[in-house]
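Asker: Sharing target-v9.cif, mmCIF, C-alpha atoms, pLDDT in the B column; chains and numbers go by the auth columns:
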```
data_run
#
loop_
_atom_site.group_PDB
_atom_site.id
_atom_site.type_symbol
_atom_site.label_atom_id
_atom_site.label_comp_id
_atom_site.label_asym_id
_atom_site.label_seq_id
_atom_site.Cartn_x
_atom_site.Cartn_y
_atom_site.Cartn_z
_atom_site.B_iso_or_equiv
_atom_site.auth_seq_id
_atom_site.auth_asym_id
ATOM 1 C CA MET A 1 0.000 0.000 0.000 39.00 1 A
ATOM 2 C CA TYR A 2 1.295 3.442 -0.956 44.00 2 A
ATOM 3 C CA LEU A 3 1.314 6.047 1.823 46.00 3 A
ATOM 4 C CA CYS A 4 1.316 9.731 0.880 51.00 4 A
ATOM 5 C CA ALA A 5 4.005 11.858 2.440 67.00 5 A
ATOM 6 C CA ARG A 6 2.420 14.222 4.945 73.00 6 A
ATOM 7 C CA MET A 7 3.312 16.785 7.546 82.00 7 A
ATOM 8 C CA GLN A 8 1.621 19.280 9.789 87.00 8 A
ATOM 9 C CA THR A 9 2.832 22.803 9.295 90.00 9 A
ATOM 10 C CA LYS A 10 2.097 26.163 10.849 93.00 10 A
ATOM 11 C CA THR A 11 2.281 29.064 8.441 95.00 11 A
ATOM 12 C CA GLU A 12 0.906 32.479 7.662 96.00 12 A
ATOM 13 C CA ALA A 13 -1.467 32.390 4.703 97.00 13 A
ATOM 14 C CA ILE A 14 -3.429 34.988 2.765 97.00 14 A
ATOM 15 C CA VAL A 15 -6.896 34.161 1.440 97.00 15 A
ATOM 16 C CA LEU A 16 -7.341 34.341 -2.326 97.00 16 A
ATOM 17 C CA HIS A 17 -10.729 32.694 -2.819 96.00 17 A
ATOM 18 C CA ALA A 18 -13.351 30.805 -0.837 94.00 18 A
ATOM 19 C CA ILE A 19 -16.442 28.893 -1.916 93.00 19 A
ATOM 20 C CA LYS A 20 -19.105 26.983 0.011 89.00 20 A
ATOM 21 C CA TYR A 21 -18.815 23.179 -0.259 89.00 21 A
ATOM 22 C CA GLY A 22 -21.849 21.435 1.157 82.00 22 A
ATOM 23 C CA GLU A 23 -23.629 22.602 4.281 82.00 23 A
ATOM 24 C CA THR A 24 -20.726 22.873 6.712 85.00 24 A
ATOM 25 C CA ARG A 25 -17.559 23.057 4.637 88.00 25 A
ATOM 26 C CA MET A 26 -15.685 25.476 2.393 90.00 26 A
ATOM 27 C CA ILE A 27 -12.899 25.179 -0.140 95.00 27 A
ATOM 28 C CA VAL A 28 -10.419 27.973 0.478 95.00 28 A
ATOM 29 C CA ASP A 29 -7.515 28.850 -1.804 96.00 29 A
ATOM 30 C CA VAL A 30 -4.626 30.548 -0.050 96.00 30 A
ATOM 31 C CA PHE A 31 -1.088 31.649 -0.741 97.00 31 A
ATOM 32 C CA SER A 32 1.020 30.592 2.215 96.00 32 A
ATOM 33 C CA ARG A 33 4.426 31.757 3.338 95.00 33 A
ATOM 34 C CA SER A 34 5.971 28.321 3.773 93.00 34 A
ATOM 35 C CA GLN A 35 4.089 26.172 1.227 92.00 35 A
ATOM 36 C CA GLY A 36 3.087 28.532 -1.592 93.00 36 A
ATOM 37 C CA ARG A 37 -0.329 28.040 -3.194 94.00 37 A
ATOM 38 C CA LEU A 38 -2.655 25.620 -1.382 94.00 38 A
ATOM 39 C CA SER A 39 -6.303 24.597 -1.626 94.00 39 A
ATOM 40 C CA LEU A 40 -7.825 23.810 1.761 93.00 40 A
ATOM 41 C CA ILE A 41 -10.910 21.932 2.845 91.00 41 A
ATOM 42 C CA VAL A 42 -12.332 23.753 5.852 88.00 42 A
ATOM 43 C CA SER A 43 -15.058 22.581 8.226 85.00 43 A
ATOM 44 C CA ILE A 44 -17.299 25.375 9.520 79.00 44 A
ATOM 45 C CA PRO A 45 -19.068 24.327 12.735 73.00 45 A
ATOM 46 C CA LYS A 46 -22.594 25.675 13.176 73.00 46 A
ATOM 47 C CA SER A 47 -21.984 26.628 16.790 68.00 47 A
ATOM 48 C CA PRO A 48 -21.793 30.430 17.285 65.00 48 A
ATOM 49 C CA ARG A 49 -18.914 29.836 19.717 69.00 49 A
ATOM 50 C CA ALA A 50 -16.788 27.952 17.186 64.00 50 A
ATOM 51 C CA ARG A 51 -13.293 29.348 16.552 70.00 51 A
ATOM 52 C CA VAL A 52 -13.441 28.646 12.815 72.00 52 A
ATOM 53 C CA ARG A 53 -15.978 30.958 11.160 78.00 53 A
ATOM 54 C CA LYS A 54 -16.580 31.722 7.495 80.00 54 A
ATOM 55 C CA GLN A 55 -15.809 35.397 8.161 84.00 55 A
ATOM 56 C CA LEU A 56 -12.150 34.398 8.543 89.00 56 A
ATOM 57 C CA PHE A 57 -11.965 33.625 4.827 93.00 57 A
ATOM 58 C CA GLN A 58 -12.800 36.982 3.285 93.00 58 A
ATOM 59 C CA PRO A 59 -10.538 38.090 0.376 94.00 59 A
ATOM 60 C CA LEU A 60 -6.951 38.910 1.394 97.00 60 A
ATOM 61 C CA THR A 61 -7.480 38.087 5.062 96.00 61 A
ATOM 62 C CA ILE A 62 -4.115 37.208 6.611 97.00 62 A
ATOM 63 C CA LEU A 63 -4.266 34.059 8.730 96.00 63 A
ATOM 64 C CA GLU A 64 -2.080 31.995 11.014 95.00 64 A
ATOM 65 C CA ALA A 65 -2.952 28.447 9.961 93.00 65 A
ATOM 66 C CA GLU A 66 -2.089 24.898 10.976 93.00 66 A
ATOM 67 C CA ILE A 67 -2.424 22.645 7.944 92.00 67 A
ATOM 68 C CA ASP A 68 -2.179 18.884 7.449 89.00 68 A
ATOM 69 C CA VAL A 69 -0.255 18.838 4.150 89.00 69 A
ATOM 70 C CA ARG A 70 -0.378 15.652 2.063 87.00 70 A
ATOM 71 C CA GLN A 71 1.996 15.650 -0.874 80.00 71 A
ATOM 72 C CA LYS A 72 -0.356 14.097 -3.440 80.00 72 A
ATOM 73 C CA ALA A 73 -3.656 15.538 -2.195 84.00 73 A
ATOM 74 C CA GLN A 74 -5.481 18.243 -4.138 88.00 74 A
ATOM 75 C CA LEU A 75 -7.211 19.521 -1.009 91.00 75 A
ATOM 76 C CA GLN A 76 -5.264 19.981 2.208 92.00 76 A
ATOM 77 C CA LYS A 77 -6.979 19.799 5.598 91.00 77 A
ATOM 78 C CA LEU A 78 -7.045 22.899 7.776 90.00 78 A
ATOM 79 C CA LYS A 79 -6.489 21.823 11.386 89.00 79 A
ATOM 80 C CA ASP A 80 -6.604 25.195 13.128 89.00 80 A
ATOM 81 C CA VAL A 81 -6.690 28.872 12.195 91.00 81 A
ATOM 82 C CA ARG A 82 -6.733 32.361 13.672 92.00 82 A
ATOM 83 C CA LEU A 83 -6.405 35.905 12.427 92.00 83 A
ATOM 84 C CA ALA A 84 -2.777 36.955 12.040 95.00 84 A
ATOM 85 C CA VAL A 85 -3.567 40.574 11.127 94.00 85 A
ATOM 86 C CA PRO A 86 -6.991 41.937 12.150 94.00 86 A
ATOM 87 C CA PHE A 87 -8.120 44.599 9.670 95.00 87 A
ATOM 88 C CA VAL A 88 -9.311 47.928 11.031 95.00 88 A
ATOM 89 C CA SER A 89 -10.744 49.571 7.901 96.00 89 A
ATOM 90 C CA ILE A 90 -10.953 47.250 4.872 96.00 90 A
ATOM 91 C CA PRO A 91 -14.199 45.487 5.917 93.00 91 A
ATOM 92 C CA PHE A 92 -15.954 48.830 6.442 93.00 92 A
ATOM 93 C CA ASN A 93 -14.807 50.847 3.407 94.00 93 A
ATOM 94 C CA PRO A 94 -16.556 50.087 0.061 91.00 94 A
ATOM 95 C CA HIS A 95 -13.626 51.401 -2.014 91.00 95 A
ATOM 96 C CA LYS A 96 -11.133 49.242 -0.132 94.00 96 A
ATOM 97 C CA LEU A 97 -13.461 46.247 -0.350 93.00 97 A
ATOM 98 C CA ALA A 98 -13.703 46.648 -4.135 92.00 98 A
ATOM 99 C CA ILE A 99 -9.915 46.907 -4.390 94.00 99 A
ATOM 100 C CA THR A 100 -9.303 43.809 -2.243 95.00 100 A
ATOM 101 C CA LEU A 101 -11.926 41.845 -4.174 95.00 101 A
ATOM 102 C CA PHE A 102 -10.169 42.721 -7.433 95.00 102 A
ATOM 103 C CA VAL A 103 -6.646 42.081 -6.104 96.00 103 A
ATOM 104 C CA SER A 104 -7.627 38.724 -4.576 97.00 104 A
ATOM 105 C CA GLU A 105 -9.253 37.558 -7.837 96.00 105 A
ATOM 106 C CA PHE A 106 -6.205 38.734 -9.774 96.00 106 A
ATOM 107 C CA LEU A 107 -3.838 36.848 -7.455 97.00 107 A
ATOM 108 C CA TYR A 108 -6.061 33.763 -7.537 96.00 108 A
ATOM 109 C CA HIS A 109 -5.274 33.452 -11.259 94.00 109 A
ATOM 110 C CA ALA A 110 -1.769 34.971 -11.341 94.00 110 A
ATOM 111 C CA LEU A 111 -0.463 32.651 -8.592 93.00 111 A
ATOM 112 C CA HIS A 112 -2.184 29.546 -9.923 85.00 112 A
ATOM 113 C CA SER A 113 0.803 27.267 -9.440 81.00 113 A
ATOM 114 C CA GLU A 114 3.157 29.483 -7.438 85.00 114 A
ATOM 115 C CA GLN A 115 5.539 27.596 -5.167 91.00 115 A
ATOM 116 C CA ARG A 116 7.055 28.852 -1.916 92.00 116 A
ATOM 117 C CA ASN A 117 8.155 32.455 -2.450 94.00 117 A
ATOM 118 C CA GLU A 118 8.646 34.306 0.811 96.00 118 A
ATOM 119 C CA PRO A 119 9.547 37.707 -0.702 96.00 119 A
ATOM 120 C CA LEU A 120 6.361 37.572 -2.789 97.00 120 A
ATOM 121 C CA PHE A 121 4.277 36.577 0.236 97.00 121 A
ATOM 122 C CA ASP A 122 5.787 39.404 2.304 97.00 122 A
ATOM 123 C CA TYR A 123 5.136 41.894 -0.507 97.00 123 A
ATOM 124 C CA ILE A 124 1.451 40.943 -0.716 97.00 124 A
ATOM 125 C CA CYS A 125 0.934 41.058 3.047 97.00 125 A
ATOM 126 C CA SER A 126 2.760 44.342 3.584 97.00 126 A
ATOM 127 C CA SER A 127 0.789 45.881 0.694 97.00 127 A
ATOM 128 C CA VAL A 128 -2.553 44.815 2.151 97.00 128 A
ATOM 129 C CA GLU A 129 -1.561 46.051 5.603 97.00 129 A
ATOM 130 C CA TRP A 130 -0.584 49.402 4.074 97.00 130 A
ATOM 131 C CA LEU A 131 -3.987 49.691 2.390 96.00 131 A
ATOM 132 C CA ASP A 132 -5.774 48.837 5.635 97.00 132 A
ATOM 133 C CA GLY A 133 -3.912 51.604 7.449 96.00 133 A
ATOM 134 C CA GLN A 134 -4.659 54.408 4.983 94.00 134 A
ATOM 135 C CA THR A 135 -7.400 56.980 5.449 92.00 135 A
ATOM 136 C CA ALA A 136 -6.925 58.661 2.041 89.00 136 A
ATOM 137 C CA ASN A 137 -4.806 58.686 -1.142 88.00 137 A
ATOM 138 C CA PHE A 138 -5.159 55.001 -1.988 91.00 138 A
ATOM 139 C CA ALA A 139 -7.131 55.248 -5.261 88.00 139 A
ATOM 140 C CA ASN A 140 -4.147 54.068 -7.331 89.00 140 A
ATOM 141 C CA PHE A 141 -3.239 51.213 -4.982 93.00 141 A
ATOM 142 C CA HIS A 142 -4.247 48.415 -7.352 93.00 142 A
ATOM 143 C CA LEU A 143 -2.262 49.930 -10.243 92.00 143 A
ATOM 144 C CA VAL A 144 0.954 50.279 -8.265 93.00 144 A
ATOM 145 C CA PHE A 145 0.412 46.848 -6.710 95.00 145 A
ATOM 146 C CA LEU A 146 0.061 45.101 -10.092 94.00 146 A
ATOM 147 C CA MET A 147 3.000 46.881 -11.678 91.00 147 A
ATOM 148 C CA ARG A 148 5.345 46.085 -8.806 93.00 148 A
ATOM 149 C CA LEU A 149 4.017 42.519 -8.526 95.00 149 A
ATOM 150 C CA SER A 150 5.580 41.712 -11.906 93.00 150 A
ATOM 151 C CA ARG A 151 9.004 42.059 -10.278 92.00 151 A
ATOM 152 C CA PHE A 152 8.318 38.905 -8.239 94.00 152 A
ATOM 153 C CA LEU A 153 6.901 36.953 -11.199 92.00 153 A
ATOM 154 C CA GLY A 154 9.851 37.494 -13.513 91.00 154 A
ATOM 155 C CA PHE A 155 8.746 40.041 -16.120 91.00 155 A
ATOM 156 C CA TYR A 156 9.410 43.434 -14.549 92.00 156 A
ATOM 157 C CA PRO A 157 10.938 45.741 -17.190 89.00 157 A
ATOM 158 C CA ASN A 158 14.347 47.369 -16.900 88.00 158 A
ATOM 159 C CA LEU A 159 13.375 50.979 -16.200 90.00 159 A
ATOM 160 C CA ASP A 160 16.972 52.133 -16.590 88.00 160 A
ATOM 161 C CA ASP A 161 16.634 51.518 -20.352 89.00 161 A
ATOM 162 C CA TYR A 162 13.876 54.122 -20.696 93.00 162 A
ATOM 163 C CA ASN A 163 14.441 57.320 -22.659 94.00 163 A
ATOM 164 C CA ALA A 164 11.824 59.993 -23.288 93.00 164 A
ATOM 165 C CA GLY A 165 9.989 59.172 -26.507 95.00 165 A
ATOM 166 C CA ASP A 166 10.485 55.397 -26.223 97.00 166 A
ATOM 167 C CA TYR A 167 7.837 52.815 -27.025 97.00 167 A
ATOM 168 C CA PHE A 168 7.138 49.929 -24.643 96.00 168 A
ATOM 169 C CA ASP A 169 7.087 46.398 -26.021 96.00 169 A
ATOM 170 C CA LEU A 170 4.533 44.535 -23.886 95.00 170 A
ATOM 171 C CA ARG A 171 5.661 41.127 -25.133 95.00 171 A
ATOM 172 C CA GLU A 172 9.373 41.599 -24.460 94.00 172 A
ATOM 173 C CA SER A 173 9.034 43.849 -21.377 94.00 173 A
ATOM 174 C CA THR A 174 11.429 46.364 -22.871 94.00 174 A
ATOM 175 C CA PHE A 175 11.484 50.022 -23.846 95.00 175 A
ATOM 176 C CA CYS A 176 12.601 50.650 -27.394 96.00 176 A
ATOM 177 C CA ALA A 177 13.247 53.645 -29.663 96.00 177 A
ATOM 178 C CA LEU A 178 11.228 52.221 -32.570 96.00 178 A
ATOM 179 C CA PRO A 179 7.801 50.530 -32.556 96.00 179 A
ATOM 180 C CA PRO A 180 7.900 46.703 -32.605 95.00 180 A
ATOM 181 C CA LYS A 181 6.597 44.856 -35.670 95.00 181 A
ATOM 182 C CA HIS A 182 3.654 43.405 -33.703 95.00 182 A
ATOM 183 C CA HIS A 183 0.709 45.244 -32.157 95.00 183 A
ATOM 184 C CA ASP A 184 1.358 44.639 -28.456 96.00 184 A
ATOM 185 C CA PHE A 185 3.144 47.864 -27.569 97.00 185 A
ATOM 186 C CA LEU A 186 2.531 51.292 -26.028 96.00 186 A
ATOM 187 C CA LYS A 187 3.138 54.516 -27.880 96.00 187 A
ATOM 188 C CA PRO A 188 5.528 57.034 -26.271 96.00 188 A
ATOM 189 C CA GLU A 189 2.923 59.003 -24.280 94.00 189 A
ATOM 190 C CA GLU A 190 1.472 55.896 -22.630 93.00 190 A
ATOM 191 C CA ALA A 191 4.918 54.294 -22.265 94.00 191 A
ATOM 192 C CA GLY A 192 6.009 57.369 -20.297 92.00 192 A
ATOM 193 C CA LYS A 193 3.023 57.080 -17.960 88.00 193 A
ATOM 194 C CA MET A 194 3.682 53.384 -17.517 88.00 194 A
ATOM 195 C CA GLN A 195 7.316 53.788 -16.507 89.00 195 A
ATOM 196 C CA LEU A 196 6.389 56.583 -14.110 85.00 196 A
ATOM 197 C CA MET A 197 3.786 54.409 -12.397 84.00 197 A
ATOM 198 C CA MET A 198 6.280 51.527 -12.205 87.00 198 A
ATOM 199 C CA ARG A 199 8.750 53.765 -10.384 86.00 199 A
ATOM 200 C CA MET A 200 6.172 54.751 -7.784 86.00 200 A
ATOM 201 C CA ASP A 201 5.526 53.054 -4.496 89.00 201 A
ATOM 202 C CA PHE A 202 2.563 53.335 -2.151 91.00 202 A
ATOM 203 C CA ALA A 203 4.065 56.277 -0.276 88.00 203 A
ATOM 204 C CA THR A 204 4.630 58.393 -3.395 88.00 204 A
ATOM 205 C CA MET A 205 1.666 57.452 -5.601 86.00 205 A
ATOM 206 C CA ARG A 206 -0.453 60.229 -4.036 84.00 206 A
ATOM 207 C CA LEU A 207 1.693 62.694 -5.980 82.00 207 A
ATOM 208 C CA TYR A 208 0.317 61.376 -9.278 79.00 208 A
ATOM 209 C CA ARG A 209 -3.339 62.266 -9.859 78.00 209 A
ATOM 210 C CA LEU A 210 -5.304 60.260 -12.421 78.00 210 A
ATOM 211 C CA SER A 211 -8.738 60.749 -13.919 80.00 211 A
ATOM 212 C CA HIS A 212 -10.928 57.640 -13.936 79.00 212 A
ATOM 213 C CA LEU A 213 -10.271 57.404 -17.698 84.00 213 A
ATOM 214 C CA ASP A 214 -6.497 57.412 -17.120 85.00 214 A
ATOM 215 C CA ARG A 215 -6.878 54.879 -14.325 85.00 215 A
ATOM 216 C CA ASP A 216 -9.032 52.625 -16.507 87.00 216 A
ATOM 217 C CA ARG A 217 -6.529 52.767 -19.344 89.00 217 A
ATOM 218 C CA LEU A 218 -3.524 51.990 -17.169 89.00 218 A
ATOM 219 C CA LEU A 219 -5.419 49.113 -15.579 91.00 219 A
ATOM 220 C CA GLU A 220 -6.342 47.786 -19.023 92.00 220 A
ATOM 221 C CA VAL A 221 -2.683 47.963 -20.047 93.00 221 A
ATOM 222 C CA ALA A 222 -1.548 46.207 -16.860 93.00 222 A
ATOM 223 C CA ILE A 223 -4.032 43.358 -17.359 93.00 223 A
ATOM 224 C CA THR A 224 -3.051 43.008 -21.022 94.00 224 A
ATOM 225 C CA TYR A 225 0.593 42.872 -19.936 94.00 225 A
ATOM 226 C CA TYR A 226 -0.112 40.015 -17.530 94.00 226 A
ATOM 227 C CA ARG A 227 -2.178 38.134 -20.107 94.00 227 A
ATOM 228 C CA LEU A 228 0.778 38.208 -22.486 94.00 228 A
ATOM 229 C CA HIS A 229 3.052 36.681 -19.824 94.00 229 A
ATOM 230 C CA LEU A 230 0.707 34.319 -17.972 91.00 230 A
ATOM 231 C CA PRO A 231 -1.036 31.689 -20.129 82.00 231 A
ATOM 232 C CA SER A 232 -4.833 31.366 -19.924 85.00 232 A
ATOM 233 C CA PHE A 233 -5.337 34.432 -17.749 90.00 233 A
ATOM 234 C CA PRO A 234 -9.145 34.892 -17.763 90.00 234 A
ATOM 235 C CA GLU A 235 -11.538 37.813 -17.684 90.00 235 A
ATOM 236 C CA LEU A 236 -11.918 39.164 -14.155 91.00 236 A
ATOM 237 C CA LYS A 237 -15.446 39.361 -12.772 90.00 237 A
ATOM 238 C CA SER A 238 -14.522 41.945 -10.131 90.00 238 A
ATOM 239 C CA LEU A 239 -13.134 44.408 -12.679 88.00 239 A
ATOM 240 C CA ALA A 240 -16.569 45.801 -13.555 86.00 240 A
ATOM 241 C CA VAL A 241 -17.325 46.458 -9.877 84.00 241 A
ATOM 242 C CA LEU A 242 -14.035 48.296 -9.411 83.00 242 A
ATOM 243 C CA ARG A 243 -14.574 50.456 -12.492 80.00 243 A
ATOM 244 C CA GLU A 244 -18.158 51.283 -11.578 78.00 244 A
ATOM 245 C CA LEU A 245 -17.160 52.349 -8.090 72.00 245 A
ATOM 246 C CA TYR A 246 -14.494 54.748 -9.339 66.00 246 A
ATOM 247 C CA GLU A 247 -16.800 56.212 -11.969 63.00 247 A
ATOM 248 C CA THR A 248 -19.363 57.088 -9.292 53.00 248 A
ATOM 249 C CA PRO A 249 -19.140 60.794 -8.385 44.00 249 A
#
```
Take the structure in the file and write it out as structure tokens.

Answerer:
Amino acid sequence: MYLCARMQTKTEAIVLHAIKYGETRMIVDVFSRSQGRLSLIVSIPKSPRARVRKQLFQPLTILEAEIDVRQKAQLQKLKDVRLAVPFVSIPFNPHKLAITLFVSEFLYHALHSEQRNEPLFDYICSSVEWLDGQTANFANFHLVFLMRLSRFLGFYPNLDDYNAGDYFDLRESTFCALPPKHHDFLKPEEAGKMQLMMRMDFATMRLYRLSHLDRDRLLEVAITYYRLHLPSFPELKSLAVLRELYETP
């Protein structure tokens, strides 16, 4: 008889997606610090005093989890869980909720088979904690987050190669003086905006004001960029909600 290798591990994990599975269980996809991407089967007791509650598995919630990891299993068993970082504002702010819903759906697809990557995990968690702590000037968070995320996934462009008037080749992740022979590139005006946004971080992005049309266009470019580098990247259901919220006066 073949026995699957298994171990119990304690790790921080960030929730990417959760779906109800029967009456008292959920399937929860997480990105963990020590194990990378995992799909968990989670039992949700009906008792109001139970420690494990479905509210723990909202998008981008940061957990401290004990997981029974079986090497060949598609679903890993969650043994115990608690909040690692209680949010103070995200659950109560509709703009932040829309952003976290979009970012979690994006990561759910972008990190589909991501292995252990502690710098990436730390980047995601520190970004979400920054968003939770802000009272204003976070409208461009998702743009800066996506552009800087590409650094951890292997297709961040070399910004030192940029010169005013350059085009940006979306396929090759390079700035170039002449337009490529294919259609996946940005003209100089948009290439300039793109490299500026890529140089920004969360602390400095407040200095760059965007109309909702500019924000929509840069987001469209960022998603196109990821689709060119990540096979089978789908349409995002949460994108319409995010756009509608920012178009509301």

Asker: Report the distance between CA of Arg82 in chain A and CA of Phe202 in chain A in Å, rounded to one decimal place.

Answerer: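 CA of Phe202 in chain A lies 27.9 Å from CA of Arg82 in chain A.
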
Asker: Considering all atoms listed in the file, return as a VMD selection string whatever protein or nucleic-acid residues lie within 8 Å of range 197-201 of chain A, sequence-local ones (same chain, fewer than 3 positions apart) excluded.

Answerer: chain A and resid 143 to 144 147 to 148 159 193 to 194 204 to 205

Asker: Could you check the closest approach to Ile62 in chain A for each of A:Leu83, A:Leu239, A:Leu218, A:Leu149 and tell me which residue wins, using all atoms listed in the file?

Answerer: A:Leu83

Asker: Between CA of Glu105 in chain A and CA of Gln55 in chain A, what is the spacing in Å?

Answerer: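 Atom-to-atom, CA of Gln55 in chain A and CA of Glu105 in chain A are spaced 17.4 Å apart.
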
Asker: Rounded to one decimal in Å, what is the spacing between CA of Leu56 in chain A and CA of Ser238 in chain A?

Answerer: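 A separation of 20.3 Å between them.
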
Asker: Evaluate the PyMOL selection byres ((chain A and resi 178-186) around 10) here and jot the selected residues down as JSON, numbers by chain.

Answerer: {"A": [165, 166, 167, 168, 169, 170, 171, 172, 173, 174, 175, 176, 177, 187, 188, 189, 190, 191, 192, 193, 194, 221, 224, 225, 228]}

Asker: Looking at A:Leu38, A:Val69, A:Ala164, A:Leu196, which one is nearest to Met7 in chain A, with distances taken over all atoms listed in the file?

Answerer: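 So, comparing all the options, the nearest one is A:Val69.
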
Asker: For the PyMOL selection byres ((chain A and resi 54) around 10), applied here, can you spell out every residue it catches as number ranges by chain?

Answerer: A: 18-20, 24-26, 42-45, 51-53, 55-58

Asker: Find the residues near Asp80 in chain A: any atom within 8 Å, counting only C-alpha atoms, skip ones fewer than 4 places away on the same chain, and give them as a PDB file with C-alpha atoms, in the frame of the given file.

Answerer:
```pdb
ATOM      1  CA  VAL A  52     -13.441  28.646  12.815  1.00 72.00           C
ATOM      2  CA  ALA A  65      -2.952  28.447   9.961  1.00 93.00           C
ATOM      3  CA  GLU A  66      -2.089  24.898  10.976  1.00 93.00           C
ATOM      4  CA  ILE A  67      -2.424  22.645   7.944  1.00 92.00           C
TER       5      ILE A  67
END
```

Asker: Please list as a short mmCIF file (atom, residue, chain, number, x, y, z; two decimals) with C-alpha atoms, keeping the file's coordinate frame every residue within 9 Å of Cys125 in chain A, counting all atoms listed in the file and excluding residues in the same chain fewer than 5 positions away.

Answerer:
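What ended up in part18.cif:
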```cif
data_model
loop_
_atom_site.label_atom_id
_atom_site.label_comp_id
_atom_site.auth_asym_id
_atom_site.auth_seq_id
_atom_site.Cartn_x
_atom_site.Cartn_y
_atom_site.Cartn_z
CA ILE A 14 -3.43 34.99 2.76
CA LEU A 60 -6.95 38.91 1.39
CA ILE A 62 -4.12 37.21 6.61
CA LEU A 120 6.36 37.57 -2.79
CA TRP A 130 -0.58 49.40 4.07
#
```

Asker: Could you list, as an MDAnalysis selection string, every residue within 10 Å of Arg215 in chain A, counting only C-alpha atoms and ignoring same-chain residues fewer than 3 positions away?

Answerer: chainID A and resid 139:140 142:143 209:212 218:221 243 246

Asker: With all atoms listed in the file as the basis for distance, which of A:Pro94, A:Gly154, A:Gly133, A:Pro119 is at the shortest distance from Leu242 in chain A?

Answerer: A:Pro94

Asker: For this file, the PyMOL selection byres ((chain A and resi 11) around 7) selects which residues, as a list of chain:residue names?

Answerer: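 Here the PyMOL selection byres ((chain A and resi 11) around 7) matches A:Thr9, A:Lys10, A:Glu12, A:Ala13, A:Ser32, A:Arg33, A:Ser34, A:Glu64, A:Ala65, A:Glu66.
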
Asker: Take range 234-238 of chain A, model all heavy atoms, and hand the result over as a compact mmCIF listing (two decimals), in the frame of the given file.

Answerer:
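Final file, part-v6.txt:
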```
# COMPACT_ATOMS: atom_id res chain seq x y z
N PRO A 234 -7.76 34.68 -17.32
CA PRO A 234 -9.14 34.89 -17.76
C PRO A 234 -9.63 36.33 -17.58
O PRO A 234 -8.91 37.19 -17.05
CB PRO A 234 -9.92 33.95 -16.83
CG PRO A 234 -9.14 34.03 -15.56
CD PRO A 234 -7.68 34.14 -15.96
N GLU A 235 -10.86 36.57 -18.01
CA GLU A 235 -11.54 37.81 -17.68
C GLU A 235 -11.81 37.84 -16.19
O GLU A 235 -12.10 36.81 -15.58
CB GLU A 235 -12.86 37.92 -18.45
CG GLU A 235 -12.71 37.98 -19.96
CD GLU A 235 -12.06 39.27 -20.43
OE1 GLU A 235 -12.25 40.31 -19.75
OE2 GLU A 235 -11.36 39.24 -21.46
N LEU A 236 -11.74 39.03 -15.60
CA LEU A 236 -11.92 39.16 -14.16
C LEU A 236 -13.31 39.71 -13.85
O LEU A 236 -13.66 40.81 -14.29
CB LEU A 236 -10.84 40.09 -13.58
CG LEU A 236 -9.40 39.62 -13.79
CD1 LEU A 236 -8.41 40.67 -13.29
CD2 LEU A 236 -9.15 38.28 -13.11
N LYS A 237 -14.07 38.96 -13.07
CA LYS A 237 -15.45 39.36 -12.77
C LYS A 237 -15.50 40.62 -11.92
O LYS A 237 -16.43 41.42 -12.02
CB LYS A 237 -16.16 38.22 -12.05
CG LYS A 237 -16.31 36.95 -12.90
CD LYS A 237 -16.98 35.85 -12.11
CE LYS A 237 -17.09 34.58 -12.95
NZ LYS A 237 -17.72 33.46 -12.19
N SER A 238 -14.51 40.81 -11.05
CA SER A 238 -14.52 41.94 -10.13
C SER A 238 -14.12 43.26 -10.79
O SER A 238 -14.28 44.33 -10.20
CB SER A 238 -13.58 41.67 -8.96
OG SER A 238 -12.26 41.45 -9.44
```
